[in-house]
>>> print(open('target-v3.tsv').read())   # TSV, C-alpha atoms and all ligand atoms
chain	number	residue	atom	x	y	z
A	1	MET	CA	-95.04	30.11	50.57
A	2	LYS	CA	-93.14	26.97	49.83
A	3	ILE	CA	-89.37	26.84	49.40
A	4	PHE	CA	-87.94	23.96	47.44
A	5	LEU	CA	-84.47	23.73	48.88
A	6	ILE	CA	-82.29	21.79	46.47
A	7	TYR	CA	-78.94	20.53	47.69
A	8	GLY	CA	-76.32	17.80	47.38
A	9	GLY	CA	-75.60	17.10	43.74
A	10	LYS	CA	-72.93	15.42	41.70
A	11	SER	CA	-70.17	17.96	42.28
A	12	ALA	CA	-67.08	17.69	44.50
A	13	GLU	CA	-68.80	20.17	46.80
A	14	HIS	CA	-71.66	17.81	47.59
A	15	ASP	CA	-70.98	17.80	51.33
A	16	ILE	CA	-70.56	21.56	51.55
A	17	SER	CA	-73.92	21.87	49.88
A	18	LEU	CA	-75.50	19.73	52.63
A	19	LEU	CA	-74.04	22.01	55.28
A	20	THR	CA	-75.46	25.02	53.50
A	21	ALA	CA	-78.86	23.36	53.32
A	22	PHE	CA	-78.90	22.64	57.04
A	23	SER	CA	-77.86	26.21	57.81
A	24	ILE	CA	-80.69	27.57	55.68
A	25	ILE	CA	-83.25	25.16	57.12
A	26	LYS	CA	-82.33	26.35	60.56
A	27	GLU	CA	-82.66	30.02	59.73
A	28	VAL	CA	-85.66	30.28	57.39
A	29	TYR	CA	-88.47	32.50	58.70
A	30	TYR	CA	-91.10	29.83	59.26
A	31	ASP	CA	-93.83	32.40	59.86
A	32	TYR	CA	-93.83	32.83	56.10
A	33	TYR	CA	-92.41	29.66	54.65
A	34	GLU	CA	-92.32	25.94	54.76
A	35	VAL	CA	-89.38	24.07	53.31
A	36	GLU	CA	-89.43	21.02	51.09
A	37	PRO	CA	-85.94	19.53	51.08
A	38	ILE	CA	-84.85	18.09	47.77
A	39	TYR	CA	-81.69	16.09	48.05
A	40	ILE	CA	-79.76	15.26	44.88
A	41	THR	CA	-77.66	12.16	45.41
A	42	LYS	CA	-74.09	11.84	44.19
A	43	GLU	CA	-75.51	9.75	41.36
A	44	GLY	CA	-77.82	12.59	40.39
A	45	ASP	CA	-81.16	11.22	41.62
A	46	TRP	CA	-83.64	13.69	43.09
A	47	ILE	CA	-85.21	12.73	46.43
A	48	LYS	CA	-87.86	14.75	48.17
A	49	GLY	CA	-87.91	14.66	51.96
A	50	GLU	CA	-90.71	15.54	54.34
A	51	THR	CA	-91.94	19.11	54.46
A	52	ILE	CA	-90.21	21.05	57.21
A	53	LYS	CA	-92.14	23.46	59.36
A	54	GLN	CA	-90.74	25.20	62.38
A	55	ALA	CA	-90.65	22.29	64.77
A	56	ASP	CA	-88.85	19.91	62.45
A	57	SER	CA	-86.01	22.33	61.95
A	58	LEU	CA	-84.54	21.20	65.26
A	59	ARG	CA	-83.73	17.87	63.71
A	60	PHE	CA	-81.77	19.70	61.07
A	61	SER	CA	-79.99	21.88	63.59
A	62	GLU	CA	-78.80	18.66	65.09
A	63	ALA	CA	-77.67	17.46	61.68
A	64	LEU	CA	-75.82	20.73	61.27
A	65	ARG	CA	-74.12	20.43	64.65
A	66	LEU	CA	-73.05	16.93	63.81
A	67	SER	CA	-71.72	17.89	60.44
A	68	ALA	CA	-69.83	20.86	61.87
A	69	ALA	CA	-68.26	18.66	64.52
A	70	LYS	CA	-67.14	16.22	61.89
A	71	GLU	CA	-66.11	19.13	59.70
A	72	VAL	CA	-67.49	18.55	56.28
A	73	HIS	CA	-67.40	14.82	55.98
A	74	PHE	CA	-70.89	14.29	57.24
A	75	ALA	CA	-73.29	13.40	54.49
A	76	ILE	CA	-76.90	12.47	54.83
A	77	GLU	CA	-77.09	8.78	55.34
A	78	GLU	CA	-79.70	7.02	53.27
A	79	GLY	CA	-81.71	6.47	56.41
A	80	GLU	CA	-82.07	10.19	56.92
A	81	PHE	CA	-84.40	10.29	54.00
A	82	SER	CA	-86.05	6.95	54.53
A	83	THR	CA	-89.32	8.80	54.12
A	84	GLY	CA	-88.08	10.64	51.06
A	85	ILE	CA	-89.40	9.74	47.67
A	86	ALA	CA	-87.66	9.75	44.34
A	87	ILE	CA	-89.03	12.48	42.12
A	88	ASN	CA	-88.64	13.77	38.63
A	89	PRO	CA	-87.33	17.35	38.63
A	90	SER	CA	-90.32	18.54	36.63
A	91	GLU	CA	-92.60	17.59	39.54
A	92	LEU	CA	-91.39	20.69	41.35
A	93	LYS	CA	-93.56	22.88	39.18
A	94	GLU	CA	-95.89	24.58	41.62
A	95	LYS	CA	-97.60	27.91	42.13
A	96	ASP	CA	-96.57	30.06	45.08
A	97	ALA	CA	-93.28	28.33	45.50
A	98	VAL	CA	-89.72	29.41	45.06
A	99	ILE	CA	-86.71	27.25	44.34
A	100	PHE	CA	-83.60	27.76	46.44
A	101	PRO	CA	-80.78	25.80	44.80
A	102	VAL	CA	-77.68	25.52	46.95
A	103	LEU	CA	-75.66	23.50	44.50
A	104	HIS	CA	-72.06	24.17	43.60
A	105	GLY	CA	-69.97	23.40	40.55
A	106	PRO	CA	-71.04	21.70	37.31
A	107	ASN	CA	-74.79	21.02	37.01
A	108	GLY	CA	-75.46	23.33	39.93
A	109	GLU	CA	-73.76	26.61	39.43
A	110	ASP	CA	-73.18	26.59	35.69
A	111	GLY	CA	-76.60	27.48	34.32
A	112	THR	CA	-77.76	23.97	33.54
A	113	VAL	CA	-80.12	23.51	36.47
A	114	GLN	CA	-81.08	27.18	36.16
A	115	GLY	CA	-82.17	26.41	32.60
A	116	LEU	CA	-84.41	23.68	33.95
A	117	PHE	CA	-86.09	26.15	36.33
A	118	GLU	CA	-86.56	28.64	33.50
A	119	VAL	CA	-88.24	26.02	31.34
A	120	MET	CA	-90.45	25.04	34.27
A	121	GLY	CA	-91.36	28.69	34.77
A	122	MET	CA	-90.37	28.76	38.43
A	123	PRO	CA	-88.70	31.54	40.40
A	124	TYR	CA	-85.31	30.55	41.79
A	125	VAL	CA	-82.68	32.11	43.99
A	126	GLY	CA	-79.43	33.31	42.51
A	127	ALA	CA	-77.96	33.97	39.12
A	128	GLY	CA	-79.78	33.18	35.89
A	129	VAL	CA	-78.61	30.91	33.09
A	130	LEU	CA	-76.23	33.34	31.42
A	131	ALA	CA	-74.53	34.65	34.56
A	132	SER	CA	-74.20	31.16	35.98
A	133	ALA	CA	-72.60	29.82	32.82
A	134	CYS	CA	-70.29	32.81	32.41
A	135	GLY	CA	-69.29	32.88	36.08
A	136	MET	CA	-68.44	29.22	35.97
A	137	ASP	CA	-66.28	29.46	32.87
A	138	LYS	CA	-62.86	30.82	33.75
A	139	ILE	CA	-62.06	31.75	30.16
A	140	ILE	CA	-65.33	33.45	29.25
A	141	SER	CA	-65.47	35.34	32.54
A	142	LYS	CA	-61.92	36.60	32.03
A	143	GLN	CA	-62.83	37.81	28.57
A	144	LEU	CA	-65.88	39.63	29.90
A	145	PHE	CA	-63.89	41.14	32.78
A	146	GLN	CA	-61.24	42.25	30.31
A	147	GLN	CA	-63.90	44.00	28.28
A	148	ALA	CA	-65.19	45.68	31.44
A	149	GLY	CA	-61.70	47.04	32.08
A	150	LEU	CA	-61.10	45.00	35.22
A	151	PRO	CA	-57.50	44.20	36.19
A	152	GLN	CA	-56.56	40.52	35.95
A	153	VAL	CA	-53.39	38.46	35.93
A	154	PRO	CA	-52.16	37.64	32.40
A	155	TYR	CA	-53.50	34.35	31.07
A	156	VAL	CA	-53.39	32.01	28.11
A	157	PRO	CA	-56.47	30.00	27.12
A	158	ILE	CA	-55.79	26.57	25.63
A	159	ARG	CA	-58.01	24.17	23.76
A	160	LYS	CA	-57.46	20.45	23.92
A	161	GLY	CA	-57.21	20.19	20.15
A	162	ASP	CA	-54.38	22.74	20.01
A	163	TRP	CA	-52.49	20.99	22.80
A	164	ILE	CA	-52.71	17.64	21.09
A	165	ALA	CA	-51.84	19.04	17.69
A	166	ASN	CA	-48.87	21.11	18.78
A	167	PRO	CA	-47.72	21.16	22.43
A	168	GLU	CA	-44.55	23.09	21.44
A	169	GLU	CA	-46.69	25.93	20.18
A	170	VAL	CA	-48.64	25.95	23.46
A	171	PHE	CA	-45.42	26.05	25.51
A	172	LYS	CA	-44.20	28.90	23.34
A	173	LYS	CA	-47.39	30.82	23.87
A	174	CYS	CA	-47.38	30.28	27.65
A	175	GLU	CA	-43.69	31.01	28.10
A	176	GLY	CA	-43.90	33.99	25.76
A	177	THR	CA	-46.71	35.59	27.73
A	178	LEU	CA	-46.15	34.36	31.29
A	179	ILE	CA	-43.30	33.54	33.63
A	180	TYR	CA	-43.13	30.64	36.06
A	181	PRO	CA	-44.81	29.89	38.38
A	182	MET	CA	-48.00	29.43	36.40
A	183	TYR	CA	-51.39	28.15	37.52
A	184	VAL	CA	-53.21	25.74	35.28
A	185	LYS	CA	-56.98	25.36	35.65
A	186	PRO	CA	-59.78	23.54	33.85
A	187	ALA	CA	-62.11	26.21	32.44
A	188	ASN	CA	-65.23	24.82	34.06
A	189	LEU	CA	-64.72	23.49	37.53
A	190	GLY	CA	-64.56	24.87	41.04
A	191	SER	CA	-63.20	24.02	44.45
A	192	SER	CA	-59.63	23.83	43.13
A	193	VAL	CA	-60.21	20.45	41.47
A	194	GLY	CA	-57.80	19.84	38.58
A	195	ILE	CA	-55.80	22.99	39.36
A	196	SER	CA	-52.05	22.91	39.75
A	197	LYS	CA	-49.09	25.18	40.04
A	198	ALA	CA	-46.22	24.72	37.61
A	199	VAL	CA	-42.70	26.03	38.06
A	200	THR	CA	-41.03	24.28	35.12
A	201	ARG	CA	-41.98	23.31	31.58
A	202	GLU	CA	-42.11	19.70	32.74
A	203	GLU	CA	-44.64	20.59	35.43
A	204	LEU	CA	-46.56	22.73	33.00
A	205	LYS	CA	-46.97	19.71	30.75
A	206	THR	CA	-48.23	17.55	33.62
A	207	ALA	CA	-50.53	20.33	34.81
A	208	ILE	CA	-52.10	20.83	31.38
A	209	ASP	CA	-52.59	17.08	30.94
A	210	LEU	CA	-54.27	16.93	34.36
A	211	ALA	CA	-56.55	19.92	33.74
A	212	LEU	CA	-57.54	18.47	30.37
A	213	GLN	CA	-58.87	15.41	32.16
A	214	TYR	CA	-61.64	17.65	33.49
A	215	ASP	CA	-62.43	19.89	30.57
A	216	ARG	CA	-61.64	20.44	26.91
A	217	ARG	CA	-60.47	23.97	27.66
A	218	VAL	CA	-57.96	25.06	30.24
A	219	VAL	CA	-56.48	28.35	31.25
A	220	VAL	CA	-52.85	28.94	32.18
A	221	GLU	CA	-52.40	31.94	34.43
A	222	GLN	CA	-49.55	34.01	35.70
A	223	GLY	CA	-48.91	32.85	39.27
A	224	ILE	CA	-48.57	35.67	41.73
A	225	GLU	CA	-47.66	36.18	45.34
A	226	ALA	CA	-50.74	37.81	46.80
A	227	ARG	CA	-53.29	37.91	49.58
A	228	GLU	CA	-56.77	36.60	48.75
A	229	ILE	CA	-59.53	39.08	49.48
A	230	GLU	CA	-63.22	38.48	48.84
A	231	VAL	CA	-66.26	40.73	48.58
A	232	ALA	CA	-69.88	39.59	48.88
A	233	ILE	CA	-72.43	40.94	46.42
A	234	LEU	CA	-76.20	41.05	46.87
A	235	GLY	CA	-78.88	42.46	44.58
A	236	ASN	CA	-80.37	42.48	41.11
A	237	ASP	CA	-80.41	46.02	39.75
A	238	ASP	CA	-79.58	47.73	43.01
A	239	ILE	CA	-76.27	46.06	43.82
A	240	HIS	CA	-74.86	46.02	47.34
A	241	THR	CA	-71.39	44.95	48.41
A	242	SER	CA	-70.05	43.84	51.76
A	243	VAL	CA	-66.91	44.77	53.59
A	244	PRO	CA	-64.02	42.75	52.14
A	245	GLY	CA	-62.70	39.71	53.99
A	246	GLU	CA	-59.40	37.91	53.71
A	247	LEU	CA	-58.70	34.21	53.40
A	248	VAL	CA	-55.60	33.95	55.49
A	249	LYS	CA	-53.76	30.92	54.22
A	250	GLU	CA	-51.30	28.78	56.03
A	251	VAL	CA	-50.53	27.19	52.70
A	252	ASP	CA	-49.35	28.77	49.50
A	253	PHE	CA	-51.92	27.13	47.27
A	254	TYR	CA	-55.45	26.98	48.49
A	255	ASP	CA	-56.25	23.56	47.02
A	256	PHE	CA	-59.18	21.25	47.67
A	257	ASP	CA	-57.67	19.62	50.76
A	258	ALA	CA	-56.63	22.93	52.26
A	259	LYS	CA	-60.09	24.31	51.60
A	260	TYR	CA	-62.34	21.51	52.70
A	261	ILE	CA	-60.40	18.78	54.46
A	262	ASN	CA	-57.65	20.34	56.52
A	263	ASN	CA	-59.29	23.71	57.11
A	264	GLU	CA	-55.92	25.39	56.59
A	265	VAL	CA	-57.46	28.79	56.36
A	266	THR	CA	-58.76	31.51	58.64
A	267	LEU	CA	-61.22	34.21	57.71
A	268	GLN	CA	-60.20	37.73	58.61
A	269	ILE	CA	-63.29	39.95	58.43
A	270	PRO	CA	-63.06	42.78	57.73
A	271	ALA	CA	-59.79	42.39	55.84
A	272	LEU	CA	-56.98	44.55	57.10
A	273	ILE	CA	-56.64	46.81	54.09
A	274	SER	CA	-56.70	50.53	53.42
A	275	GLU	CA	-59.93	52.39	52.85
A	276	LYS	CA	-58.79	53.20	49.35
A	277	VAL	CA	-58.25	49.52	48.47
A	278	GLU	CA	-61.60	48.58	50.03
A	279	LYS	CA	-63.42	51.16	47.95
A	280	GLN	CA	-61.70	49.96	44.80
A	281	LEU	CA	-62.45	46.29	45.53
A	282	ARG	CA	-66.11	46.99	46.11
A	283	GLU	CA	-66.35	48.99	42.92
A	284	TYR	CA	-64.64	46.23	40.91
A	285	ALA	CA	-66.95	43.65	42.49
A	286	VAL	CA	-70.02	45.49	41.18
A	287	ARG	CA	-68.49	45.84	37.73
A	288	ALA	CA	-67.57	42.16	37.60
A	289	PHE	CA	-71.11	41.23	38.67
A	290	GLN	CA	-72.59	43.44	35.96
A	291	ALA	CA	-70.14	42.14	33.36
A	292	ILE	CA	-71.62	38.65	33.61
A	293	ASP	CA	-75.18	39.96	34.18
A	294	GLY	CA	-75.30	38.65	37.74
A	295	SER	CA	-78.36	38.64	39.94
A	296	GLY	CA	-79.15	37.63	43.49
A	297	LEU	CA	-75.78	36.85	44.97
A	298	SER	CA	-72.12	36.37	44.11
A	299	ARG	CA	-68.77	36.48	45.77
A	300	CYS	CA	-65.98	38.28	43.95
A	301	ASP	CA	-62.50	36.97	44.73
A	302	PHE	CA	-59.43	39.12	44.35
A	303	PHE	CA	-55.67	38.92	44.62
A	304	LEU	CA	-54.01	41.80	46.43
A	305	THR	CA	-50.23	42.16	46.19
A	306	SER	CA	-47.99	43.68	48.85
A	307	ASN	CA	-47.90	46.96	46.95
A	308	ASP	CA	-51.70	47.09	46.81
A	309	GLU	CA	-52.08	45.97	43.25
A	310	ILE	CA	-55.52	44.42	42.73
A	311	PHE	CA	-56.44	41.59	40.35
A	312	VAL	CA	-59.89	40.08	39.95
A	313	ASN	CA	-59.55	36.30	40.23
A	314	GLU	CA	-63.09	35.03	39.84
A	315	LEU	CA	-66.75	35.57	40.51
A	316	ASN	CA	-68.63	32.73	42.20
A	317	THR	CA	-72.35	32.89	41.54
A	318	MET	CA	-73.14	30.32	44.22
A	319	PRO	CA	-70.52	30.87	46.90
A	320	GLY	CA	-70.21	28.66	49.96
A	321	PHE	CA	-73.19	29.51	52.12
A	322	THR	CA	-72.88	27.61	55.39
A	323	GLN	CA	-73.01	29.59	58.59
A	324	PHE	CA	-69.23	29.37	58.71
A	325	SER	CA	-68.67	30.44	55.10
A	326	MET	CA	-67.14	33.67	53.91
A	327	TYR	CA	-70.23	34.91	52.06
A	328	PRO	CA	-72.73	35.00	54.96
A	329	LEU	CA	-70.02	36.09	57.39
A	330	LEU	CA	-69.16	39.04	55.18
A	331	TRP	CA	-72.79	40.10	55.31
A	332	LYS	CA	-72.99	39.55	59.04
A	333	ASN	CA	-70.07	41.95	59.40
A	334	THR	CA	-71.81	44.40	57.10
A	335	GLY	CA	-74.95	44.32	59.25
A	336	LEU	CA	-77.13	41.61	57.67
A	337	ASN	CA	-77.65	38.39	59.61
A	338	TYR	CA	-78.09	34.94	58.06
A	339	GLY	CA	-81.89	34.81	58.34
A	340	ASP	CA	-82.33	38.25	56.78
A	341	LEU	CA	-79.89	37.31	54.04
A	342	VAL	CA	-81.91	34.18	53.17
A	343	GLU	CA	-85.07	36.29	53.15
A	344	GLU	CA	-83.49	38.95	50.93
A	345	LEU	CA	-82.35	36.30	48.44
A	346	ILE	CA	-85.87	34.90	48.21
A	347	GLN	CA	-87.31	38.38	47.66
A	348	LEU	CA	-84.73	39.06	44.94
A	349	ALA	CA	-85.66	35.78	43.25
A	350	LEU	CA	-89.35	36.65	43.28
A	351	LYS	CA	-88.66	40.16	42.05
A	352	ARG	CA	-86.63	38.92	39.10
A	353	PHE	CA	-89.25	36.31	38.27
A	354	ASN	CA	-92.13	38.79	38.40
A	355	GLU	CA	-90.24	41.21	36.21
A	356	SER	CA	-89.67	38.47	33.66
A	357	LEU	CA	-93.43	37.83	33.55
A	358	VAL	CA	-93.99	41.42	32.54
A	359	PHE	CA	-91.51	41.00	29.68
A	360	GLU	CA	-93.39	37.99	28.40
A	361	GLN	CA	-96.86	39.50	28.37
A	362	PRO	CA	-96.91	40.93	24.83
A	363	HIS	CA	-96.29	37.46	23.37
A	364	LYS	CA	-99.05	35.85	25.38
A	365	GLU	CA	-101.84	38.02	24.11
B	1	LIG	N1	-52.79	33.13	39.36
B	1	LIG	C1	-52.66	32.66	40.61
B	1	LIG	N2	-51.61	33.02	41.40
B	1	LIG	C2	-51.50	32.56	42.66
B	1	LIG	N3	-52.36	31.70	43.24
B	1	LIG	C3	-53.42	31.29	42.51
B	1	LIG	C4	-53.64	31.75	41.17
B	1	LIG	N4	-54.76	31.19	40.70
B	1	LIG	C5	-55.22	30.42	41.69
B	1	LIG	N5	-54.44	30.46	42.78
B	1	LIG	C6	-54.68	29.69	44.03
B	1	LIG	O1	-55.52	28.58	43.73
B	1	LIG	C7	-56.79	28.70	44.38
B	1	LIG	C8	-57.90	28.18	43.50
B	1	LIG	O2	-57.97	28.90	42.30
B	1	LIG	P1	-59.33	29.55	41.80
B	1	LIG	O3	-59.05	30.26	40.53
B	1	LIG	O4	-59.91	30.37	42.89
B	1	LIG	O5	-60.22	28.29	41.47
B	1	LIG	P2	-61.57	27.69	42.08
B	1	LIG	O6	-62.64	28.05	41.12
B	1	LIG	O7	-61.33	26.24	42.12
B	1	LIG	O8	-61.78	28.33	43.44
B	1	LIG	C9	-56.89	30.16	44.75
B	1	LIG	O9	-57.74	30.37	45.84
B	1	LIG	C10	-55.44	30.51	45.03
B	1	LIG	O10	-55.05	30.06	46.33
B	2	MG	MG	-61.63	30.26	44.05
>>> encode(input="target-v3.tsv", output="structure tokens", more="lines below")
Ligand SMILES: Nc1ncnc2c1ncn2[C@@H]1O[C@H](COP(=O)(O)OP(=O)(O)O)[C@@H](O)[C@H]1O
Ligand SMILES: [Mg+2]
Amino acid sequence: MKIFLIYGGKSAEHDISLLTAFSIIKEVYYDYYEVEPIYITKEGDWIKGETIKQADSLRFSEALRLSAAKEVHFAIEEGEFSTGIAINPSELKEKDAVIFPVLHGPNGEDGTVQGLFEVMGMPYVGAGVLASACGMDKIISKQLFQQAGLPQVPYVPIRKGDWIANPEEVFKKCEGTLIYPMYVKPANLGSSVGISKAVTREELKTAIDLALQYDRRVVVEQGIEAREIEVAILGNDDIHTSVPGELVKEVDFYDFDAKYINNEVTLQIPALISEKVEKQLREYAVRAFQAIDGSGLSRCDFFLTSNDEIFVNELNTMPGFTQFSMYPLLWKNTGLNYGDLVEELIQLALKRFNESLVFEQPHKE
């Protein structure tokens, strides 16, 4: 079977996506698959590289080693794909093939590219259109989590129109519901882009203006002092969770630079938490996944306070997936290695696709 591995993309996590792609290329079970790498440039062009069978994967291991050594700054040079050809996304329509998109952020993780695969009638790894869109949107996902009875920090959603029309009213709403510090986030971005912490009204104003440069909706959240614990989720109907892991921060705010540039973070797996908290986190993770109709994979991120109070922060439907990322490492510590994880994700994609064919049958006849 053929795997179309799609990576790169226009998002801020372009380089991370390349690392993920190289990790997958290295670990795919080549007895069953061949990989066609599809690289999306930062401009959004789709380029198909040469088909990778077992032997070629060494070249990619080398690329991975290089990129790891240079942390995440390594990006495929144009020369790397000198043999690649520009394609139209619709050319990926093929029988006996599965799409494995490892794209993060807008246009990758938000349901848009998933919609393309649906229209093409191709199986693809990960969440569907609805779950991707809901998981990406910090306001919608909070509303769904609220409905599912999941604990969250208090928040205030703001629309650009309301801010422009009456900033005083917005301040009143925020300050009436929340206390400083507050976190201000664009509704639809990831990787901490456009997010800031505000400790005064002045800073709140700047933070909202900044976030509104990225989206027409922003969310202002109660800032809390808490550990960040994450749980990996795998499955469609039968949902499995991993042991929780902790992002141990050397900084107070895990922003883009801390995350990707300075590596100011250590992963503690399993997280040092009580059995009771672990059980609760894993149960919440499943409920959050179901609340957005997740499938395939997700990583549920929590805040845990010093008196063991739990808050769901967000659900990432396409979590970082390099060999050094939390998601695969959580599974490794739960007894599933990287190669088996990739295989399981492909099987889940095919299963979901085949089930959807059954649903369609009555209309076809
Ligand atoms: N309400 C909050 N209180 C304290 N820290 C927060 C809060 N919200 C976000 N943060 C910090 O900002 C980081 C990024 O926020 P997050 O909501 O996870 O956005 P992203 O989708 O960009 O990962 C978190 O990992 C955490 O370090
Ligand atoms: Mg996050």
>>> residues_around(input="target-v3.tsv", residues="A:Glu309", least_positions_apart="4", cutoff="10 Å", atoms="all atoms listed in the file", output="PyMOL selection string")
chain A and resi 151+226+277+303-305
>>> closest_residue(input="target-v3.tsv", among="A:Ser242, A:Asn307, A:Asn313, A:Thr322", to="A:Glu283", atoms="all atoms listed in the file")
A:Ser242
>>> closest_residue(input="target-v3.tsv", among="A:Val129, A:Val193, A:Ile208, A:Val113", to="ligand LIG 1 (chain B)", atoms="only C-alpha atoms and all ligand atoms")
A:Val193
>>> residues_near_ligand(input="target-v3.tsv", ligand="ligand MG 2 (chain B)", cutoff="7 Å", atoms="only C-alpha atoms and all ligand atoms", output="list in words")
Gly190, Ser191, Ser192, Asp301 and Glu314 of chain A
>>> residues_near_ligand(input="target-v3.tsv", ligand="ligand LIG 1 (chain B)", cutoff="9 Å", atoms="only C-alpha atoms and all ligand atoms", output="number ranges by chain")
A: 105, 136, 138, 152-155, 181-197, 220-228, 247, 249, 251-256, 259, 301-303, 313-316
>>> closest_residue(input="target-v3.tsv", among="A:Ala127, A:Cys300, A:Ala291, A:Ala207", to="A:Thr241", atoms="only C-alpha atoms")
A:Cys300
>>> atom_distance(input="target-v3.tsv", atom1="atom CA of A:Glu230", atom2="atom CA of A:Glu246")
6.2 Å
>>> residues_around(input="target-v3.tsv", residues="stretch 334-344 of chain A", least_positions_apart="5", cutoff="9 Å", atoms="all atoms listed in the file", output="ChimeraX atom specification")
/A:23-24,26-29,234-235,241-243,270,296,323,328-329,349
>>> closest_residue(input="target-v3.tsv", among="A:Arg299, A:His104, A:Lys351, A:Lys173", to="A:Tyr327", atoms="only C-alpha atoms")
A:Arg299
>>> closest_residue(input="target-v3.tsv", among="A:Thr317, A:Ala211, A:Lys142, A:Asp237", to="A:Gly111", atoms="all atoms listed in the file")
A:Thr317
>>> residues_near_point(input="target-v3.tsv", point="(-59.9, 44.3, 58.0)", cutoff="8 Å", atoms="only C-alpha atoms", output="list in words")
Pro244, Gly245, Glu246, Gln268, Ile269, Pro270, Ala271, Leu272 and Ile273 of chain A
>>> atom_distance(input="target-v3.tsv", atom1="atom CA of A:Ser90", atom2="atom CA of A:Glu118")
11.2 Å
>>> closest_residue(input="target-v3.tsv", among="A:Phe100, A:Pro106, A:Lys279, A:Ile87", to="A:Ala12", atoms="only C-alpha atoms")
A:Pro106
>>> residues_near_point(input="target-v3.tsv", point="(-86.0, 25.0, 49.1)", cutoff="10 Å", atoms="only C-alpha atoms", output="list in words")
Lys2, Ile3, Phe4, Leu5, Ile6, Tyr7, Ala21, Ile24, Ile25, Val28, Tyr33, Glu34, Val35, Glu36, Pro37, Ile38, Tyr39, Thr51, Ile52, Ala97, Val98, Ile99, Phe100, Pro101, Val102, Tyr124, Val125 and Ile346 of chain A
>>> atom_distance(input="target-v3.tsv", atom1="atom CA of A:Asn88", atom2="atom CA of A:Tyr214")
27.8 Å
>>> residues_around(input="target-v3.tsv", residues="A:Phe171", least_positions_apart="6", cutoff="9 Å", atoms="only C-alpha atoms", output="ChimeraX atom specification")
/A:201,204-205
>>> residues_around(input="target-v3.tsv", residues="stretch 352-357 of chain A", least_positions_apart="3", cutoff="9 Å", atoms="all atoms listed in the file", output="list of chain:residue names")
A:Gly121, A:Met122, A:Pro123, A:Tyr124, A:Asn236, A:Ser295, A:Gly296, A:Gln347, A:Leu348, A:Ala349, A:Glu360, A:Gln361
>>> write_last_selection(input="target-v3.tsv", atoms="C-alpha atoms", output="CSV table (one decimal), keeping the file's coordinate frame")
chain,number,residue,atom,x,y,z
A,121,GLY,CA,-91.4,28.7,34.8
A,122,MET,CA,-90.4,28.8,38.4
A,123,PRO,CA,-88.7,31.5,40.4
A,124,TYR,CA,-85.3,30.6,41.8
A,236,ASN,CA,-80.4,42.5,41.1
A,295,SER,CA,-78.4,38.6,39.9
A,296,GLY,CA,-79.2,37.6,43.5
A,347,GLN,CA,-87.3,38.4,47.7
A,348,LEU,CA,-84.7,39.1,44.9
A,349,ALA,CA,-85.7,35.8,43.2
A,360,GLU,CA,-93.4,38.0,28.4
A,361,GLN,CA,-96.9,39.5,28.4
>>> residues_around(input="target-v3.tsv", residues="A:Asp162", least_positions_apart="3", cutoff="12 Å", atoms="all atoms listed in the file", output="PyMOL selection string")
chain A and resi 157-159+165-171+173+208+212+216-218
